[in-house]
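Novice: Here you go, one structure.
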Amino acid sequence: MEHPDIETLCVNGKEYKIIKLLGKGKGGYSWLASEENQFYVLKQIHHEPCSYYQFGNKIEAEKHDYERLLETGIRIPKMLAIDMENERILKEYIDGPTIYDLVLQEKMNPEYLSQVSEMCKVLYPAGLNIDYFPTNFVVQDGSIYYIDYECNGYMEEWNFENWGIKYWSKTKEFLEYAEQHQ
């Protein structure tokens, strides 16, 4: 995975040690970071092109989406700080495997499907879809957390039952993605 070689990053003037890259999404890079023996996720917005998604102001969108998700009450990491000028977000670190990793390792628990269904029961009436791709969900102490803040207006085509579910088991779509991203 291509990414800048970074040792530290500042959020609102406070420096955090970068430990490792956690992932790169449509909107940014996310690193595991630390400060005074405490772990965080530090997200740096990027402006690399994305052929299948159109963005406006990404940092404003992250802030707005976080506020919308917070209102729903679904499990998400707390946003601890936002640095608008440098387009960085500091989040609570949710420690655990992603649903993607659990599917790959054949350790998927049916309870996680029940939990995402419970999230949908809150999100759909609120008029929202989230990005149901399994790298966006982490399991900590038996509970799933949606670790991204992206949310969009509800469209049946992109709900969990019509799109997300295709990647929550070793389906053709999941296996094709896994092969392309080894």
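Just so we're on the same page: first chain in the structure tokens is A, next is B, and so on; residues restart at 1 for each chain, and ligands are numbered from 1 in the order they show up.
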Looking only at the backbone, which of the residues in segment 10-128 of chain A does DSSP tag as helix (DSSP H, G or I), as a PyMOL selection string?
Specialist: chain A and resi 58-72+99-104+110-123
Novice: What separation in Å, quoted to one decimal, exists between atom CA of Pro97 of chain A and atom CA of Gln180 of chain A?
Specialist: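 Taking atom CA of Pro97 of chain A and atom CA of Gln180 of chain A, their separation equals 20.4 Å.
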Novice: Please determine, counting only C-alpha atoms, which residue among A:Leu175, A:Cys10, A:Ala33, A:Ile45 has the shortest atom-to-atom distance to Glu62 of chain A.
Specialist: A:Ile45
Novice: Find the residue from A:Ser30, A:Gln115, A:Ser169, A:Asn109 that sits nearest to Glu92 of chain A; use only C-alpha atoms when measuring.
Specialist: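 The answer is A:Ser30, which sits nearest to Glu92 of chain A.
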Novice: Please list as a list in words every residue within 12 Å of Asn37 of chain A, counting only C-alpha atoms and excluding residues in the same chain fewer than 3 positions away.
Specialist: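 Within the cut-off, the hits are Tyr16, Lys17, Ile19, Ala33, Ser34 and Tyr40 of chain A.
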Novice: One decimal, in Å: what's the spacing between atom CA of Asp141 of chain A and atom CA of Arg75 of chain A?
Specialist: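 Atom-to-atom, atom CA of Asp141 of chain A and atom CA of Arg75 of chain A are spaced 12.6 Å apart.
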Novice: Just the strand (DSSP E or B) stuff from segment 24-142 of chain A, please, per backbone DSSP, written as a PyMOL selection string.
Specialist: chain A and resi 24+28-35+38-45+79-83+88-92+98+128-130+137-140
Novice: Mind dumping the selected residues with C-alpha atoms as a PDB file, in the first residue's frame?
Specialist:
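Output saved as again01.pdb:
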```
ATOM      1  CA  LYS A  24      -6.437   3.839   3.012  1.00  0.00           C
ATOM      2  CA  GLY A  28      -8.074   9.407   3.581  1.00  0.00           C
ATOM      3  CA  TYR A  29      -5.308   7.472   5.255  1.00  0.00           C
ATOM      4  CA  SER A  30      -5.889   6.105   8.766  1.00  0.00           C
ATOM      5  CA  TRP A  31      -2.973   5.421  11.075  1.00  0.00           C
ATOM      6  CA  LEU A  32      -2.656   3.891  14.503  1.00  0.00           C
ATOM      7  CA  ALA A  33      -1.121   6.693  16.548  1.00  0.00           C
ATOM      8  CA  SER A  34      -0.079   7.145  20.153  1.00  0.00           C
ATOM      9  CA  GLU A  35       0.522   9.897  22.658  1.00  0.00           C
ATOM     10  CA  GLN A  38      -2.682   6.024  24.708  1.00  0.00           C
ATOM     11  CA  PHE A  39      -3.702   4.719  21.266  1.00  0.00           C
ATOM     12  CA  TYR A  40      -5.754   6.630  18.716  1.00  0.00           C
ATOM     13  CA  VAL A  41      -6.691   6.538  15.061  1.00  0.00           C
ATOM     14  CA  LEU A  42      -5.434   9.553  13.178  1.00  0.00           C
ATOM     15  CA  LYS A  43      -7.054  10.110   9.808  1.00  0.00           C
ATOM     16  CA  GLN A  44      -5.481  12.366   7.201  1.00  0.00           C
ATOM     17  CA  ILE A  45      -7.838  13.414   4.423  1.00  0.00           C
ATOM     18  CA  MET A  79     -14.234  11.877  17.405  1.00  0.00           C
ATOM     19  CA  LEU A  80     -11.742  13.330  19.864  1.00  0.00           C
ATOM     20  CA  ALA A  81     -10.431  16.220  17.772  1.00  0.00           C
ATOM     21  CA  ILE A  82     -10.744  17.704  14.322  1.00  0.00           C
ATOM     22  CA  ASP A  83      -8.075  19.861  12.706  1.00  0.00           C
ATOM     23  CA  ARG A  88      -7.007  15.594  10.204  1.00  0.00           C
ATOM     24  CA  ILE A  89      -9.285  13.757  12.573  1.00  0.00           C
ATOM     25  CA  LEU A  90      -8.340  12.081  15.837  1.00  0.00           C
ATOM     26  CA  LYS A  91     -10.618   9.183  16.756  1.00  0.00           C
ATOM     27  CA  GLU A  92     -10.987   6.752  19.591  1.00  0.00           C
ATOM     28  CA  THR A  98     -12.311  -6.250  11.183  1.00  0.00           C
ATOM     29  CA  LEU A 128     -29.213   6.823   6.107  1.00  0.00           C
ATOM     30  CA  ASN A 129     -26.938   4.236   4.581  1.00  0.00           C
ATOM     31  CA  ILE A 130     -23.410   3.661   5.816  1.00  0.00           C
ATOM     32  CA  PHE A 137     -16.450  -2.746  11.015  1.00  0.00           C
ATOM     33  CA  VAL A 138     -14.329  -3.791  13.977  1.00  0.00           C
ATOM     34  CA  VAL A 139     -15.298  -6.284  16.669  1.00  0.00           C
ATOM     35  CA  GLN A 140     -14.338  -5.374  20.217  1.00  0.00           C
TER      36      GLN A 140
END
```
Novice: Could you tell me how far atom CA of Gly96 of chain A sits from atom CA of Glu15 of chain A, in Å to one decimal place?
Specialist: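 Separation between atom CA of Glu15 of chain A and atom CA of Gly96 of chain A: 24.7 Å.
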Novice: Tell me which of A:Met155, A:Leu9, A:Ala178, A:Val122 sits closest to Glu87 of chain A, counting only C-alpha atoms.
Specialist: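 For Glu87 of chain A, the nearest of the given residues is A:Leu9.
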Novice: Could you tell me which of A:Gly27, A:Gly142, A:Gly153, A:Pro134 comes closest to Phe174 of chain A if we count only C-alpha atoms?
Specialist: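 With only C-alpha atoms as the atom set, the closest residue is A:Pro134.
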Novice: With only C-alpha atoms as the counted atoms, please give the residues lying no more than 7 Å from Tyr132 of chain A, apart from itself and same-chain residues fewer than 3 positions off, as a ChimeraX atom specification.
Specialist: /A:136,160,164
